[in-house]
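Engineer: Enclosed is the structure file upload-v3.tsv (TSV, C-alpha atoms).
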```
chain	number	residue	atom	x	y	z
A	1	MET	CA	39.62	31.30	-34.80
A	2	THR	CA	39.31	27.75	-36.14
A	3	ASP	CA	40.85	24.92	-34.13
A	4	GLU	CA	43.36	23.30	-36.53
A	5	ARG	CA	44.14	20.36	-34.26
A	6	PRO	CA	43.48	16.94	-35.84
A	7	ASP	CA	40.65	14.80	-34.59
A	8	SER	CA	43.15	12.52	-32.84
A	9	ARG	CA	43.79	15.31	-30.34
A	10	THR	CA	40.33	14.63	-28.86
A	11	ASP	CA	41.45	11.15	-27.87
A	12	PRO	CA	41.76	10.96	-24.03
A	13	ASP	CA	44.74	8.62	-24.53
A	14	ASP	CA	46.67	11.41	-26.33
A	15	PRO	CA	49.04	12.81	-23.64
A	16	GLU	CA	49.32	16.18	-25.44
A	17	PHE	CA	45.54	16.53	-25.47
A	18	MET	CA	45.21	15.62	-21.81
A	19	ALA	CA	48.02	18.01	-20.87
A	20	ASP	CA	46.16	20.89	-22.53
A	21	ARG	CA	43.00	20.23	-20.51
A	22	ALA	CA	42.04	22.09	-17.36
A	23	PRO	CA	42.12	20.37	-13.94
A	24	SER	CA	39.52	17.67	-13.38
A	25	ARG	CA	36.22	18.14	-11.56
A	26	ALA	CA	37.49	15.93	-8.78
A	27	ASP	CA	40.23	18.53	-8.22
A	28	GLY	CA	37.65	21.30	-8.01
A	29	GLY	CA	38.34	22.57	-11.52
A	30	ALA	CA	36.67	22.26	-14.93
A	31	PRO	CA	35.02	19.00	-16.06
A	32	THR	CA	37.12	16.44	-17.90
A	33	ALA	CA	34.53	15.41	-20.53
A	34	PRO	CA	33.66	17.70	-23.47
A	35	GLY	CA	30.24	19.27	-22.96
A	36	ALA	CA	30.11	18.41	-19.25
A	37	LEU	CA	28.78	20.94	-16.75
A	38	HIS	CA	31.15	23.08	-14.73
A	39	GLY	CA	30.89	22.98	-10.95
A	40	PRO	CA	32.31	21.52	-7.76
A	41	GLY	CA	33.19	17.86	-7.41
A	42	PRO	CA	30.75	15.42	-5.77
A	43	ASP	CA	32.46	15.64	-2.39
A	44	LYS	CA	32.17	19.44	-2.41
A	45	ARG	CA	28.49	19.72	-3.33
A	46	PRO	CA	26.01	20.83	-0.63
A	47	ARG	CA	23.75	18.07	0.68
A	48	PRO	CA	20.35	18.54	2.37
A	49	GLU	CA	20.04	17.49	5.97
A	50	GLY	CA	18.25	14.31	6.91
A	51	ARG	CA	17.78	11.34	4.61
A	52	ARG	CA	15.20	9.62	2.45
A	53	THR	CA	13.28	6.49	3.28
A	54	ASP	CA	13.04	3.60	0.82
A	55	LEU	CA	9.92	5.32	-0.55
A	56	GLY	CA	11.92	8.38	-1.53
A	57	ILE	CA	10.45	10.49	1.26
A	58	ARG	CA	12.73	13.07	2.84
A	59	VAL	CA	12.88	12.68	6.63
A	60	GLU	CA	14.42	15.88	7.93
A	61	GLY	CA	16.87	15.35	10.77
A	62	GLU	CA	15.62	11.84	11.52
A	63	ALA	CA	17.08	8.47	10.83
A	64	GLU	CA	15.01	5.86	9.06
A	65	SER	CA	15.36	3.56	12.08
A	66	GLU	CA	13.08	5.96	13.97
A	67	HIS	CA	10.23	4.91	11.67
A	68	PRO	CA	9.91	1.12	11.89
A	69	PRO	CA	7.16	-0.42	9.74
A	70	ARG	CA	3.77	-0.78	11.39
A	71	ARG	CA	0.42	-2.23	10.33
A	72	ALA	CA	-2.26	0.33	9.51
A	73	VAL	CA	-5.88	-0.06	8.38
A	74	VAL	CA	-7.07	2.67	6.01
A	75	SER	CA	-10.71	3.13	5.00
A	76	ALA	CA	-11.63	5.05	1.85
A	77	VAL	CA	-15.05	5.92	0.42
A	78	VAL	CA	-15.05	5.97	-3.38
A	79	ASP	CA	-17.56	6.42	-6.18
A	80	HIS	CA	-19.18	3.08	-6.93
A	81	GLU	CA	-18.33	2.91	-10.61
A	82	PRO	CA	-16.30	0.71	-13.00
A	83	GLY	CA	-12.54	1.17	-12.96
A	84	VAL	CA	-12.15	2.54	-9.43
A	85	LEU	CA	-10.51	-0.58	-8.00
A	86	SER	CA	-8.16	-0.71	-10.99
A	87	ASP	CA	-7.16	2.91	-10.41
A	88	VAL	CA	-6.44	2.29	-6.74
A	89	SER	CA	-4.50	-0.95	-7.21
A	90	GLY	CA	-2.51	0.58	-10.09
A	91	LEU	CA	-1.63	3.57	-7.95
A	92	PHE	CA	-0.01	1.41	-5.28
A	93	SER	CA	1.60	-0.96	-7.76
A	94	ARG	CA	3.45	1.88	-9.47
A	95	ARG	CA	4.75	3.22	-6.15
A	96	GLN	CA	5.61	-0.21	-4.70
A	97	PHE	CA	3.79	0.20	-1.40
A	98	ASN	CA	3.67	-2.87	0.83
A	99	ILE	CA	-0.06	-3.65	0.70
A	100	GLU	CA	-1.18	-6.64	2.82
A	101	SER	CA	-4.76	-6.71	1.57
A	102	LEU	CA	-7.35	-4.62	-0.24
A	103	THR	CA	-11.09	-5.21	-0.10
A	104	VAL	CA	-13.95	-3.29	-1.68
A	105	GLY	CA	-17.72	-3.46	-1.42
A	106	PRO	CA	-20.84	-1.26	-1.58
A	107	THR	CA	-21.92	0.93	1.31
A	108	ALA	CA	-25.46	1.64	2.54
A	109	ASP	CA	-25.60	4.21	-0.27
A	110	GLU	CA	-25.45	2.40	-3.62
A	111	ASP	CA	-23.60	5.31	-5.23
A	112	TYR	CA	-20.51	4.73	-3.07
A	113	ALA	CA	-18.22	1.84	-2.17
A	114	ARG	CA	-15.84	1.38	0.74
A	115	ILE	CA	-12.26	0.24	0.27
A	116	THR	CA	-10.42	-1.21	3.27
A	117	LEU	CA	-6.68	-1.19	2.83
A	118	VAL	CA	-4.21	-2.93	5.15
A	119	VAL	CA	-0.70	-1.59	4.71
A	120	GLU	CA	2.59	-2.23	6.50
A	121	GLU	CA	4.97	0.70	6.09
A	122	PRO	CA	6.91	3.23	8.19
A	123	ASP	CA	4.85	6.25	9.28
A	124	PRO	CA	6.02	8.41	6.34
A	125	GLY	CA	4.93	5.66	3.96
A	126	ILE	CA	1.49	5.38	5.57
A	127	GLU	CA	1.02	9.13	5.20
A	128	GLN	CA	1.98	8.81	1.54
A	129	VAL	CA	-0.61	6.05	1.05
A	130	LYS	CA	-3.35	8.33	2.34
A	131	LYS	CA	-2.15	11.33	0.34
A	132	GLN	CA	-1.89	9.32	-2.87
A	133	LEU	CA	-5.43	7.98	-2.40
A	134	GLU	CA	-6.74	11.51	-1.96
A	135	THR	CA	-5.33	12.50	-5.36
A	136	LEU	CA	-7.78	10.19	-7.18
A	137	LEU	CA	-10.92	11.98	-8.39
A	138	SER	CA	-13.13	9.00	-7.51
A	139	VAL	CA	-12.04	9.02	-3.83
A	140	ARG	CA	-14.32	10.98	-1.49
A	141	GLU	CA	-12.67	10.48	1.90
A	142	VAL	CA	-9.69	8.65	3.38
A	143	ARG	CA	-9.14	7.87	7.06
A	144	GLU	CA	-6.82	5.64	9.09
A	145	LEU	CA	-8.72	3.59	11.67
A	146	GLU	CA	-7.82	3.21	15.32
A	147	GLU	CA	-6.35	-0.08	16.56
A	148	SER	CA	-9.63	-0.68	18.39
A	149	ALA	CA	-11.61	-0.81	15.11
A	150	VAL	CA	-13.83	-3.82	14.44
A	151	GLU	CA	-11.92	-5.88	11.88
A	152	ARG	CA	-12.93	-9.14	10.26
A	153	GLU	CA	-11.61	-11.45	7.57
A	154	THR	CA	-12.90	-14.71	6.10
A	155	ALA	CA	-10.77	-17.61	4.91
A	156	LEU	CA	-11.70	-20.86	3.18
A	157	VAL	CA	-9.23	-23.63	3.98
A	158	GLU	CA	-9.33	-26.94	2.11
A	159	VAL	CA	-7.52	-29.76	3.91
A	160	ARG	CA	-7.03	-33.48	3.47
A	161	ALA	CA	-9.66	-35.49	5.32
A	162	GLU	CA	-8.15	-38.84	6.27
A	163	ASP	CA	-9.66	-38.20	9.73
A	164	PRO	CA	-12.90	-36.21	9.21
A	165	ASP	CA	-13.83	-36.17	12.91
A	166	ALA	CA	-10.48	-34.63	13.83
A	167	VAL	CA	-10.92	-31.95	11.15
A	168	ARG	CA	-14.37	-31.08	12.51
A	169	THR	CA	-12.99	-30.84	16.03
A	170	ALA	CA	-10.17	-28.57	14.89
A	171	ALA	CA	-12.64	-26.39	12.98
A	172	ARG	CA	-14.83	-25.95	16.06
A	173	THR	CA	-11.91	-25.15	18.36
A	174	THR	CA	-10.69	-22.42	16.00
A	175	GLY	CA	-14.13	-20.84	15.58
A	176	GLY	CA	-14.64	-22.23	12.09
A	177	GLU	CA	-17.15	-24.55	10.45
A	178	VAL	CA	-16.97	-27.22	7.80
A	179	VAL	CA	-18.74	-25.96	4.67
A	180	ASP	CA	-17.85	-28.68	2.18
A	181	THR	CA	-16.87	-32.34	2.31
A	182	SER	CA	-15.73	-34.92	-0.22
A	183	PRO	CA	-14.25	-38.42	0.07
A	184	GLY	CA	-10.73	-36.99	0.37
A	185	THR	CA	-11.05	-33.36	1.43
A	186	MET	CA	-12.93	-30.96	3.71
A	187	THR	CA	-13.25	-27.18	3.45
A	188	VAL	CA	-13.39	-25.09	6.60
A	189	SER	CA	-14.65	-21.49	6.74
A	190	VAL	CA	-13.09	-19.25	9.38
A	191	THR	CA	-14.17	-15.66	10.11
A	192	GLY	CA	-12.61	-13.28	12.62
A	193	PRO	CA	-9.75	-10.86	13.22
A	194	THR	CA	-6.73	-11.50	11.04
A	195	ASP	CA	-4.68	-13.00	13.88
A	196	ARG	CA	-7.47	-15.48	14.61
A	197	VAL	CA	-7.60	-16.51	10.96
A	198	ASP	CA	-3.82	-16.94	10.98
A	199	ALA	CA	-4.07	-19.18	14.06
A	200	ALA	CA	-6.85	-21.27	12.50
A	201	ILE	CA	-4.85	-21.87	9.33
A	202	GLU	CA	-1.85	-22.89	11.40
A	203	ARG	CA	-4.00	-25.32	13.37
A	204	LEU	CA	-5.54	-26.84	10.24
A	205	ALA	CA	-2.14	-27.22	8.59
A	206	GLU	CA	-1.52	-30.41	10.56
A	207	PHE	CA	-4.02	-32.18	8.30
A	208	GLY	CA	-2.31	-31.02	5.11
A	209	ILE	CA	-3.61	-27.89	3.44
A	210	ARG	CA	-4.57	-28.21	-0.21
A	211	GLU	CA	-5.78	-24.66	-0.89
A	212	VAL	CA	-6.47	-21.39	0.95
A	213	ALA	CA	-8.52	-18.38	-0.14
A	214	ARG	CA	-8.68	-15.25	2.02
A	215	THR	CA	-10.84	-12.18	1.58
A	216	GLY	CA	-8.53	-9.69	3.24
A	217	ALA	CA	-9.57	-7.56	6.19
A	218	THR	CA	-12.54	-5.22	6.22
A	219	ALA	CA	-13.14	-2.86	9.13
A	220	LEU	CA	-15.35	-0.22	10.72
A	221	SER	CA	-14.74	2.08	13.67
A	222	ARG	CA	-16.02	0.78	16.98
A	223	GLY	CA	-19.09	2.24	18.71
A	224	GLU	CA	-20.72	5.47	17.54
A	225	THR	CA	-17.50	6.89	16.09
A	226	PRO	CA	-18.01	7.17	12.31
A	227	THR	CA	-15.51	5.32	10.16
A	228	THR	CA	-15.75	8.13	7.61
A	229	GLU	CA	-18.06	11.11	7.25
A	230	TRP	CA	-18.97	10.10	3.71
A	231	PRO	CA	-21.59	9.21	2.57
A	232	ARG	CA	-23.21	11.85	4.74
A	233	PRO	CA	-26.30	10.80	6.68
A	234	ALA	CA	-29.69	11.79	5.37
A	235	ARG	CA	-31.45	14.71	7.03
A	236	GLU	CA	-34.51	13.80	9.07
A	237	GLU	CA	-36.83	15.50	6.60
A	238	ASP	CA	-35.25	13.55	3.73
A	239	ALA	CA	-35.66	10.26	5.58
A	240	ALA	CA	-39.31	11.07	6.21
A	241	ASP	CA	-40.19	11.53	2.53
A	242	GLY	CA	-37.84	8.85	1.23
A	243	SER	CA	-35.66	11.22	-0.80
A	244	ARG	CA	-31.90	10.69	-1.15
A	245	PRO	CA	-29.40	12.79	0.81
A	246	GLU	CA	-27.52	15.50	-1.03
A	247	HIS	CA	-23.80	15.07	-1.64
A	248	ASP	CA	-21.23	17.61	-2.63
A	249	THR	CA	-19.80	17.09	-6.11
A	250	GLU	CA	-16.41	18.50	-5.22
A	251	ASN	CA	-13.67	16.04	-4.43
```
Could you spell out this file's structure in structure tokens?
Structural biologist:
Amino acid sequence: MTDERPDSRTDPDDPEFMADRAPSRADGGAPTAPGALHGPGPDKRPRPEGRRTDLGIRVEGEAESEHPPRRAVVSAVVDHEPGVLSDVSGLFSRRQFNIESLTVGPTADEDYARITLVVEEPDPGIEQVKKQLETLLSVREVRELEESAVERETALVEVRAEDPDAVRTAARTTGGEVVDTSPGTMTVSVTGPTDRVDAAIERLAEFGIREVARTGATALSRGETPTTEWPRPAREEDAADGSRPEHDTEN
């Protein structure tokens, strides 16, 4: 049968049209808008237990307050080839992870590079960082380092030099050295753990900082504990004849 009602009857302001309609979704009945899906109202829909963090990660039965942000150092071995750093930085940019610093450089094996990533996130976010890294084809291994890891960073701090002797004294007391001088400025190089670099910059700020450049932290596990198992060490017979160690091609 053809509906002979005029088009005006579809107007929500038409009381006759609204009277003909079924109960609203909010009342547990049919939807009010034409073409809308049938089903229970929002307050009657089932909801999963737990909640999501700001990263969209479901935390079953736990409140987000149970996962305060913490600083983590993650080391990843990647293929030493063009575009790898762009892939990694783009990955974290799209997912809005809170990355403090990212450094990259070659390893003892020229075919591979090591990325050191410092991230400050709740535990679920740190796990996501590692899992997302492992999805990249160029990444060979990912591992979070212990707090005892050997960590170093370098900063170049250019300050005003109205009192050059005082700047030199401050540089020495913070473990730094003056690497450049001019009639009006001096540049101090400081290397050490991140907190030491922070303290040195704070100390040098009394002279008036003009510019700062920091490398970001790089780190290795302490002692004989390997930072990562990749690249794998050469076998003794390979080392004897100078041949390169074999590596798996699977990621």
Engineer: Measuring atom to atom with only C-alpha atoms, identify which of A:Pro69, A:Pro82, A:Gly90, A:Pro193 is nearest to A:Ser148.
Structural biologist: A:Pro193
Engineer: Which distance in Å separates atom CA of A:Arg222 and atom CA of A:Ala149, to one decimal?
Structural biologist: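 Interatomic distance, atom CA of A:Arg222 to atom CA of A:Ala149: 5.0 Å.
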Engineer: Stretch 129-137 of chain A: which residues within 10 Å, counting all atoms listed in the file, same-chain residues fewer than 2 positions away excluded, as a PyMOL selection string?
Structural biologist: chain A and resi 74-76+78-79+84+87-88+91-92+95+97-99+117+119+121+123-127+139-144+250-251
Engineer: Between atom CA of A:Asp198 and atom CA of A:Asp180, what distance in Å does the model show, to one decimal?
Structural biologist: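 Rounded to one decimal, the two atoms are 20.3 Å apart.
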Engineer: Kindly indicate which residue among A:Pro231, A:Ala200, A:Ser182, A:Val159 lies nearest to A:His80, using all atoms listed in the file for the distances.
Structural biologist: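 Ranked by minimum distance to A:His80, first place goes to A:Pro231.
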Engineer: Please measure the separation of atom CA of A:Ile115 and atom CA of A:Leu220, giving the value in Å to one decimal.
Structural biologist: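 Answer for the atom CA of A:Ile115 to atom CA of A:Leu220 separation: 10.9 Å.
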Engineer: From the options A:Gly105, A:Ser93, A:Val150, A:Val188, which residue's atoms come nearest to A:Gly223, counting only C-alpha atoms?
Structural biologist: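 Closest candidate: A:Val150.
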Engineer: Could you check which of A:Gly176, A:Val104, A:Ala213, A:Thr154 is closest to A:Thr116, using only C-alpha atoms?
Structural biologist: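 Among A:Gly176, A:Val104, A:Ala213, A:Thr154, it is A:Val104 that comes nearest to A:Thr116.
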